[in-house]
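One file, work.pdb, carrying PDB, C-alpha atoms:
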```pdb
ATOM      1  CA  MET A  99     -21.010 -41.871  89.815
ATOM      2  CA  ILE A 100     -20.794 -40.624  86.228
ATOM      3  CA  LEU A 101     -22.759 -37.495  87.138
ATOM      4  CA  HIS A 102     -20.494 -36.954  90.128
ATOM      5  CA  LYS A 103     -17.467 -37.235  87.868
ATOM      6  CA  LEU A 104     -19.005 -34.769  85.401
ATOM      7  CA  PHE A 105     -19.782 -32.245  88.120
ATOM      8  CA  TYR A 106     -16.373 -32.855  89.692
ATOM      9  CA  MET A 107     -14.879 -31.566  86.486
ATOM     10  CA  SER A 108     -17.103 -28.510  86.533
ATOM     11  CA  GLY A 109     -14.327 -26.455  88.128
ATOM     12  CA  TYR A 110     -12.713 -26.257  84.732
ATOM     13  CA  GLY A 111     -15.810 -27.499  82.913
ATOM     14  CA  LEU A 112     -16.126 -24.102  81.322
ATOM     15  CA  TYR A 113     -13.193 -25.097  79.122
ATOM     16  CA  ILE A 114     -13.194 -28.916  79.025
ATOM     17  CA  TRP A 115     -16.742 -29.571  77.849
ATOM     18  CA  PRO A 116     -16.829 -26.878  75.147
ATOM     19  CA  ALA A 117     -13.542 -28.301  73.824
ATOM     20  CA  TYR A 118     -14.869 -31.881  73.716
ATOM     21  CA  GLY A 119     -18.249 -30.731  72.402
ATOM     22  CA  LEU A 120     -16.803 -28.595  69.613
ATOM     23  CA  VAL A 121     -14.359 -31.292  68.503
ATOM     24  CA  ALA A 122     -17.174 -33.866  68.452
ATOM     25  CA  LEU A 123     -19.305 -31.481  66.387
ATOM     26  CA  ILE A 124     -16.481 -30.736  63.931
ATOM     27  CA  LEU A 125     -15.645 -34.432  63.458
ATOM     28  CA  PHE A 126     -19.337 -35.313  63.076
ATOM     29  CA  ILE A 127     -19.939 -32.616  60.431
ATOM     30  CA  ASN A 128     -16.768 -33.617  58.576
ATOM     31  CA  SER A 129     -17.729 -37.298  58.634
ATOM     32  CA  TRP A 130     -21.212 -36.471  57.356
ATOM     33  CA  TYR A 131     -19.723 -34.276  54.612
ATOM     34  CA  VAL A 132     -17.313 -36.991  53.453
ATOM     35  CA  LEU A 133     -19.667 -39.968  53.777
ATOM     36  CA  ARG A 134     -22.947 -38.336  52.702
ATOM     37  CA  ASP A 135     -22.702 -39.276  49.045
ATOM     38  CA  LYS A 136     -22.036 -42.960  48.479
ATOM     39  CA  THR A 137     -23.192 -43.014  44.864
ATOM     40  CA  HIS A 138     -19.750 -42.179  43.504
ATOM     41  CA  ASN A 139     -17.899 -44.679  45.665
ATOM     42  CA  LYS A 140     -15.591 -46.698  43.497
ATOM     43  CA  THR A 141     -15.153 -50.340  44.343
TER      44      THR A 141
ATOM     45  CA  MET B 132      -3.740 -60.043  54.358
ATOM     46  CA  ILE B 133      -3.394 -56.836  52.361
ATOM     47  CA  LYS B 134      -0.243 -56.811  50.257
ATOM     48  CA  VAL B 135       1.107 -53.393  49.356
ATOM     49  CA  ASN B 136       2.739 -53.227  45.954
ATOM     50  CA  PHE B 137       3.527 -49.624  45.100
ATOM     51  CA  ILE B 138       3.596 -50.119  41.345
ATOM     52  CA  LYS B 139       0.221 -51.862  41.314
ATOM     53  CA  ILE B 140      -1.338 -49.517  43.858
ATOM     54  CA  ALA B 141      -0.591 -46.516  41.631
ATOM     55  CA  SER B 142      -3.327 -47.799  39.331
ATOM     56  CA  PRO B 143      -6.589 -46.003  40.293
ATOM     57  CA  LYS B 144      -8.637 -49.202  40.009
ATOM     58  CA  ILE B 145      -6.353 -51.142  42.373
ATOM     59  CA  PHE B 146      -6.028 -48.160  44.714
ATOM     60  CA  TYR B 147      -9.797 -47.685  45.026
ATOM     61  CA  GLN B 148     -10.213 -51.409  45.740
ATOM     62  CA  TRP B 149      -7.481 -51.220  48.373
ATOM     63  CA  CYS B 150      -9.172 -48.161  49.930
ATOM     64  CA  GLY B 151     -12.481 -50.031  49.963
ATOM     65  CA  ARG B 152     -10.866 -52.847  51.948
ATOM     66  CA  VAL B 153      -9.033 -50.548  54.389
ATOM     67  CA  GLN B 154     -11.980 -48.197  55.055
ATOM     68  CA  PRO B 155     -14.236 -50.476  57.197
ATOM     69  CA  TRP B 156     -11.266 -51.563  59.348
ATOM     70  CA  ALA B 157     -10.170 -47.968  59.848
ATOM     71  CA  ARG B 158     -13.758 -47.054  60.836
ATOM     72  CA  ARG B 159     -14.032 -49.881  63.375
ATOM     73  CA  LEU B 160     -10.617 -49.231  64.910
ATOM     74  CA  CYS B 161     -11.308 -45.468  65.013
ATOM     75  CA  LEU B 162     -14.621 -45.855  66.866
ATOM     76  CA  LEU B 163     -13.158 -48.415  69.283
ATOM     77  CA  ALA B 164     -10.083 -46.291  70.005
ATOM     78  CA  PHE B 165     -12.178 -43.135  70.503
ATOM     79  CA  LEU B 166     -14.511 -44.930  72.886
ATOM     80  CA  TYR B 167     -11.684 -46.440  74.923
ATOM     81  CA  GLY B 168      -9.568 -43.272  74.784
ATOM     82  CA  LEU B 169     -12.435 -41.077  76.018
ATOM     83  CA  ILE B 170     -13.262 -43.430  78.913
ATOM     84  CA  ASP B 171      -9.579 -43.699  79.829
ATOM     85  CA  GLY B 172      -8.895 -39.973  79.412
ATOM     86  CA  LEU B 173     -12.007 -38.521  81.047
ATOM     87  CA  TRP B 174     -12.651 -41.203  83.620
ATOM     88  CA  LEU B 175      -9.681 -43.403  84.541
ATOM     89  CA  ALA B 176      -6.778 -40.947  84.254
ATOM     90  CA  PRO B 177      -6.167 -39.011  87.501
ATOM     91  CA  PRO B 178      -6.354 -35.195  87.665
ATOM     92  CA  ASP B 179      -3.088 -33.294  87.290
ATOM     93  CA  TYR B 180      -1.589 -31.982  90.533
ATOM     94  CA  GLN B 181      -1.237 -28.442  89.128
ATOM     95  CA  GLN B 182      -3.863 -28.095  86.393
ATOM     96  CA  GLY B 183      -6.558 -30.261  87.936
ATOM     97  CA  ASP B 184      -8.958 -31.534  85.276
ATOM     98  CA  ALA B 185      -8.123 -28.808  82.756
ATOM     99  CA  TYR B 186      -5.226 -30.918  81.426
ATOM    100  CA  ARG B 187      -7.784 -33.359  79.928
ATOM    101  CA  ILE B 188      -7.999 -31.036  76.912
ATOM    102  CA  MET B 189      -4.564 -32.504  76.107
ATOM    103  CA  PHE B 190      -6.267 -35.715  74.898
ATOM    104  CA  LEU B 191      -7.816 -33.679  72.072
ATOM    105  CA  HIS B 192      -5.123 -31.073  71.531
ATOM    106  CA  VAL B 193      -1.938 -33.184  71.276
ATOM    107  CA  PRO B 194      -3.330 -35.855  68.876
ATOM    108  CA  ALA B 195      -4.782 -33.123  66.623
ATOM    109  CA  ALA B 196      -1.451 -31.249  66.636
ATOM    110  CA  ILE B 197       0.477 -34.419  65.746
ATOM    111  CA  MET B 198      -2.039 -35.174  62.985
ATOM    112  CA  SER B 199      -1.786 -31.636  61.554
ATOM    113  CA  LEU B 200       1.978 -32.149  61.085
ATOM    114  CA  LEU B 201       1.783 -35.798  59.984
ATOM    115  CA  ILE B 202      -0.899 -35.046  57.372
ATOM    116  CA  TYR B 203       1.231 -32.233  55.961
ATOM    117  CA  LEU B 204       4.143 -34.667  55.633
ATOM    118  CA  ILE B 205       1.899 -37.215  53.878
ATOM    119  CA  MET B 206       0.511 -34.461  51.607
ATOM    120  CA  SER B 207       4.069 -33.445  50.681
ATOM    121  CA  ILE B 208       5.051 -37.028  49.845
ATOM    122  CA  ALA B 209       1.876 -37.381  47.736
ATOM    123  CA  ALA B 210       2.650 -34.072  45.970
ATOM    124  CA  LEU B 211       6.212 -35.273  45.288
ATOM    125  CA  PHE B 212       4.900 -38.572  43.880
ATOM    126  CA  TYR B 213       2.584 -36.594  41.598
ATOM    127  CA  PHE B 214       5.408 -34.320  40.439
ATOM    128  CA  ILE B 215       7.815 -37.171  39.681
ATOM    129  CA  TRP B 216       5.585 -39.993  38.424
ATOM    130  CA  LYS B 217       2.331 -38.117  37.572
ATOM    131  CA  ILE B 218       0.330 -40.608  39.649
ATOM    132  CA  ARG B 219      -3.305 -39.478  39.621
ATOM    133  CA  VAL B 220      -4.259 -41.097  42.940
ATOM    134  CA  ALA B 221      -1.296 -39.346  44.606
ATOM    135  CA  ASP B 222      -2.837 -36.008  43.614
ATOM    136  CA  GLN B 223      -6.243 -37.132  44.884
ATOM    137  CA  CYS B 224      -4.599 -38.085  48.201
ATOM    138  CA  ALA B 225      -2.895 -34.688  48.390
ATOM    139  CA  ALA B 226      -6.231 -32.918  47.781
ATOM    140  CA  ALA B 227      -7.961 -34.949  50.509
ATOM    141  CA  CYS B 228      -5.020 -34.415  52.876
ATOM    142  CA  ALA B 229      -5.226 -30.627  52.460
ATOM    143  CA  ARG B 230      -8.822 -30.511  53.692
ATOM    144  CA  LEU B 231      -8.283 -32.990  56.532
ATOM    145  CA  GLY B 232      -5.041 -31.292  57.559
ATOM    146  CA  ALA B 233      -6.782 -27.921  57.747
ATOM    147  CA  LEU B 234      -9.494 -29.554  59.873
ATOM    148  CA  PHE B 235      -6.979 -30.968  62.375
ATOM    149  CA  THR B 236      -5.099 -27.644  62.479
ATOM    150  CA  VAL B 237      -8.340 -25.810  63.330
ATOM    151  CA  ILE B 238      -8.982 -28.358  66.114
ATOM    152  CA  THR B 239      -5.422 -27.873  67.400
ATOM    153  CA  LEU B 240      -5.740 -24.090  67.543
ATOM    154  CA  MET B 241      -9.230 -24.180  69.023
ATOM    155  CA  THR B 242      -8.471 -26.710  71.773
ATOM    156  CA  GLY B 243      -5.152 -24.976  72.450
ATOM    157  CA  SER B 244      -7.001 -21.704  73.050
ATOM    158  CA  LEU B 245      -9.496 -23.415  75.365
ATOM    159  CA  TRP B 246      -6.588 -25.004  77.265
ATOM    160  CA  GLY B 247      -4.631 -21.750  77.358
ATOM    161  CA  ALA B 248      -7.469 -19.804  78.989
ATOM    162  CA  PRO B 249      -7.427 -21.636  82.373
ATOM    163  CA  THR B 250      -3.674 -22.389  82.427
ATOM    164  CA  TRP B 251      -2.023 -19.311  80.849
ATOM    165  CA  GLY B 252      -4.818 -16.833  81.509
ATOM    166  CA  THR B 253      -5.248 -16.007  77.822
ATOM    167  CA  PHE B 254      -6.892 -17.579  74.793
ATOM    168  CA  TRP B 255      -4.179 -16.439  72.402
ATOM    169  CA  ILE B 256      -0.643 -15.099  72.460
ATOM    170  CA  TRP B 257       1.726 -14.444  69.543
ATOM    171  CA  ASP B 258       4.022 -17.172  70.776
ATOM    172  CA  ALA B 259       6.384 -18.961  68.316
ATOM    173  CA  ARG B 260       4.542 -22.310  68.513
ATOM    174  CA  LEU B 261       1.070 -20.806  68.183
ATOM    175  CA  THR B 262       2.077 -18.467  65.367
ATOM    176  CA  SER B 263       3.851 -21.205  63.372
ATOM    177  CA  GLU B 264       0.789 -23.473  63.771
ATOM    178  CA  LEU B 265      -1.429 -20.611  62.544
ATOM    179  CA  ILE B 266       0.888 -20.228  59.523
ATOM    180  CA  LEU B 267       0.380 -23.975  58.886
ATOM    181  CA  LEU B 268      -3.380 -23.368  58.751
ATOM    182  CA  PHE B 269      -2.856 -20.530  56.249
ATOM    183  CA  ILE B 270      -0.652 -22.812  54.114
ATOM    184  CA  TYR B 271      -3.360 -25.504  54.143
ATOM    185  CA  LEU B 272      -5.987 -22.927  53.172
ATOM    186  CA  GLY B 273      -3.680 -21.546  50.483
ATOM    187  CA  VAL B 274      -3.171 -25.022  49.014
ATOM    188  CA  ILE B 275      -6.953 -25.634  48.945
ATOM    189  CA  ALA B 276      -7.687 -22.192  47.464
ATOM    190  CA  LEU B 277      -4.999 -22.496  44.792
ATOM    191  CA  ARG B 278      -6.259 -25.911  43.699
ATOM    192  CA  ASN B 279      -9.823 -24.599  43.381
ATOM    193  CA  ALA B 280      -8.786 -21.339  41.732
ATOM    194  CA  MET B 281      -7.312 -23.012  38.635
ATOM    195  CA  GLN B 282      -9.712 -23.872  35.833
ATOM    196  CA  GLU B 283      -7.462 -26.645  34.555
ATOM    197  CA  PRO B 284      -7.248 -29.483  37.151
ATOM    198  CA  ILE B 285      -3.666 -30.376  36.149
ATOM    199  CA  ALA B 286      -2.511 -26.763  36.633
ATOM    200  CA  GLY B 287      -4.271 -26.700  40.025
ATOM    201  CA  ALA B 288      -2.582 -29.930  41.071
ATOM    202  CA  ARG B 289       0.861 -28.664  40.022
ATOM    203  CA  ALA B 290       0.468 -25.241  41.645
ATOM    204  CA  SER B 291      -0.879 -26.611  44.936
ATOM    205  CA  GLY B 292       1.813 -29.313  44.928
ATOM    206  CA  LEU B 293       4.511 -26.684  44.547
ATOM    207  CA  ILE B 294       3.118 -24.606  47.438
ATOM    208  CA  THR B 295       2.898 -27.801  49.522
ATOM    209  CA  LEU B 296       6.587 -28.573  48.963
ATOM    210  CA  ILE B 297       7.638 -24.970  49.712
ATOM    211  CA  GLY B 298       5.512 -24.967  52.879
ATOM    212  CA  LEU B 299       7.328 -28.086  54.113
ATOM    213  CA  VAL B 300       9.928 -25.756  55.632
ATOM    214  CA  ASN B 301       7.339 -24.785  58.272
ATOM    215  CA  LEU B 302       7.230 -28.287  59.828
ATOM    216  CA  PRO B 303      10.646 -28.209  61.584
ATOM    217  CA  VAL B 304       9.919 -24.612  62.599
ATOM    218  CA  ILE B 305       6.706 -25.744  64.364
ATOM    219  CA  HIS B 306       8.383 -28.723  66.052
ATOM    220  CA  TYR B 307      11.526 -26.898  67.211
ATOM    221  CA  SER B 308       9.875 -23.529  67.922
ATOM    222  CA  VAL B 309       9.644 -24.368  71.633
ATOM    223  CA  ILE B 310      13.376 -25.158  71.698
ATOM    224  CA  TRP B 311      14.647 -22.343  69.448
ATOM    225  CA  TRP B 312      12.670 -19.549  71.132
ATOM    226  CA  HIS B 313      11.524 -18.784  74.663
ATOM    227  CA  THR B 314       7.830 -19.562  74.455
ATOM    228  CA  LEU B 315       4.864 -19.782  76.768
ATOM    229  CA  HIS B 316       4.054 -23.138  75.180
ATOM    230  CA  GLN B 317       5.668 -26.094  76.934
ATOM    231  CA  GLY B 318       8.521 -28.068  75.393
ATOM    232  CA  PRO B 319       8.183 -31.469  73.688
ATOM    233  CA  THR B 320       6.836 -34.219  75.941
ATOM    234  CA  ILE B 321       6.205 -37.168  73.625
ATOM    235  CA  LEU B 322       8.006 -36.554  70.322
ATOM    236  CA  LYS B 323      11.559 -36.412  71.588
ATOM    237  CA  PHE B 324      14.539 -38.703  71.500
ATOM    238  CA  SER B 325      14.617 -39.480  75.220
ATOM    239  CA  GLN B 326      11.700 -41.160  77.020
ATOM    240  CA  PRO B 327       8.379 -39.272  77.292
ATOM    241  CA  THR B 328       8.193 -37.253  80.516
ATOM    242  CA  MET B 329       4.617 -38.082  81.402
ATOM    243  CA  ALA B 330       2.961 -40.362  83.935
ATOM    244  CA  PRO B 331       1.954 -43.687  82.307
ATOM    245  CA  SER B 332      -1.642 -43.227  83.533
ATOM    246  CA  MET B 333      -1.848 -40.052  81.398
ATOM    247  CA  LEU B 334       0.382 -41.219  78.541
ATOM    248  CA  HIS B 335      -1.738 -44.321  77.928
ATOM    249  CA  PRO B 336      -5.039 -42.527  77.049
ATOM    250  CA  LEU B 337      -3.039 -39.989  75.056
ATOM    251  CA  LEU B 338      -1.497 -42.698  72.869
ATOM    252  CA  ILE B 339      -4.936 -44.297  72.416
ATOM    253  CA  MET B 340      -6.379 -40.930  71.332
ATOM    254  CA  ILE B 341      -3.468 -40.427  68.900
ATOM    255  CA  ALA B 342      -4.300 -43.847  67.398
ATOM    256  CA  ALA B 343      -8.016 -42.885  67.231
ATOM    257  CA  ASN B 344      -7.177 -39.678  65.325
ATOM    258  CA  LEU B 345      -4.875 -41.599  62.991
ATOM    259  CA  PHE B 346      -7.587 -44.166  62.198
ATOM    260  CA  TYR B 347     -10.107 -41.341  61.698
ATOM    261  CA  PHE B 348      -7.743 -39.762  59.183
ATOM    262  CA  ILE B 349      -7.296 -43.092  57.323
ATOM    263  CA  TRP B 350     -11.075 -43.631  57.329
ATOM    264  CA  MET B 351     -11.822 -40.179  55.941
ATOM    265  CA  LEU B 352      -8.925 -40.225  53.446
ATOM    266  CA  THR B 353      -9.925 -43.570  51.937
ATOM    267  CA  ALA B 354     -13.584 -42.459  51.781
ATOM    268  CA  GLU B 355     -12.745 -39.126  50.170
ATOM    269  CA  VAL B 356     -10.298 -40.548  47.620
ATOM    270  CA  ARG B 357     -12.893 -43.075  46.453
ATOM    271  CA  LYS B 358     -15.305 -40.186  45.800
ATOM    272  CA  SER B 359     -12.750 -38.174  43.818
ATOM    273  CA  PRO B 360     -13.822 -37.287  40.263
TER     274      PRO B 360
END
```
Let's see the structure in the file written out as structure tokens.
Amino acid sequence: MILHKLFYMSGYGLYIWPAYGLVALILFINSWYVLRDKTHNKT
Amino acid sequence: MIKVNFIKIASPKIFYQWCGRVQPWARRLCLLAFLYGLIDGLWLAPPDYQQGDAYRIMFLHVPAAIMSLLIYLIMSIAALFYFIWKIRVADQCAAACARLGALFTVITLMTGSLWGAPTWGTFWIWDARLTSELILLFIYLGVIALRNAMQEPIAGARASGLITLIGLVNLPVIHYSVIWWHTLHQGPTILKFSQPTMAPSMLHPLLIMIAANLFYFIWMLTAEVRKSP
């Protein structure tokens, strides 16, 4: 069912999945950049 | 319960402690809201009768656009607090806001382009809304560059704060650009005085995704401020 839903969206998938993928990548890199160094965290 | 006392919270020690308490809750709420928002937006919400599934980019684009404006407003308030009361943590908040605001503006422009391609037939057009949002990105980048360009941190904070307050004039231009000018971009749907003109089945995941973006911002802001030198 999930796969069907994914392929169902493939009509505009050219635009939807790159958008979701790129945003996920950007947020992941940003989170890693912000949270990577915990040694200076002030309590 | 977390009590907010603005005089006490201006103290870096108290502020960092407060951030430390807020951060895990913001992280949990952000992850939960993203998970629920994505399931609701990509799975439960029906396709649009005109755009089909392409409209689902809205669940990324609209929250990021709202955040890009909201963060600028928060950055301006923080800059004003620093100018008036010389509160150090206010300047640290403004610095963190500049980077996060630029990030959300990039997401807005990028997802807007990917939404524009199937619906407008073009990735970019020099439309009033798109151009004013691009100017917002340049202001964010200018604020970051100016802060880093100054050797003296206090001079950097003052200069970037001043640019932030001058750039505030761009916010109403972005919001009202679709009303003031004839644009390809659609008019306001959520942020308007009358009721939102959107089906509840689509509005619901959108509001959840806005909340997810807001919690992400709080999570990242509190984490970044606690790392500030």
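For the pair CA of Arg152 in chain B and CA of Phe214 in chain B, the separation is 27.2 Å.
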Practice task
Considering only C-alpha atoms, extract the chain B residues located within 7 Å of chain A and return them as number ranges by chain.
Solution key: B: 147-148, 151, 184-185, 188, 238, 242, 245-246, 351, 354-355, 357-358
To test the calculation: enclose all listed atoms of range 346-358 of chain B in a box whose edges run along x, y and z, add 3 Å on each side, then state centre and edge lengths in Å to one decimal, as JSON.
```
{"center_x": -11.3, "center_y": -41.6, "center_z": 54.0, "size_x": 14.0, "size_y": 11.0, "size_z": 22.4}
```
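Closest approach to Asn301 in chain B among B:Leu345, B:Ala259, B:Leu166, B:Ile140 is made by B:Ala259 (distances from only C-alpha atoms).
Selection by the PyMOL selection byres ((chain B and resi 165) around 9) on the present file picks out Leu160, Cys161, Leu162, Leu163, Ala164, Leu166, Tyr167, Gly168, Leu169, Ile170, Ile339, Met340, Ala342, Ala343 and Asn344 of chain B.
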Exercise for the section: Determine, counting all atoms listed in the file, which protein, DNA and RNA residues have an atom within 10 Å of an atom of Ala233 in chain B; residues of the same chain fewer than 5 positions away are not included. Present the result as a VMD selection string. Expected result: chain B and resid 199 202 to 203 228 238 to 239 267 to 272 274 to 275
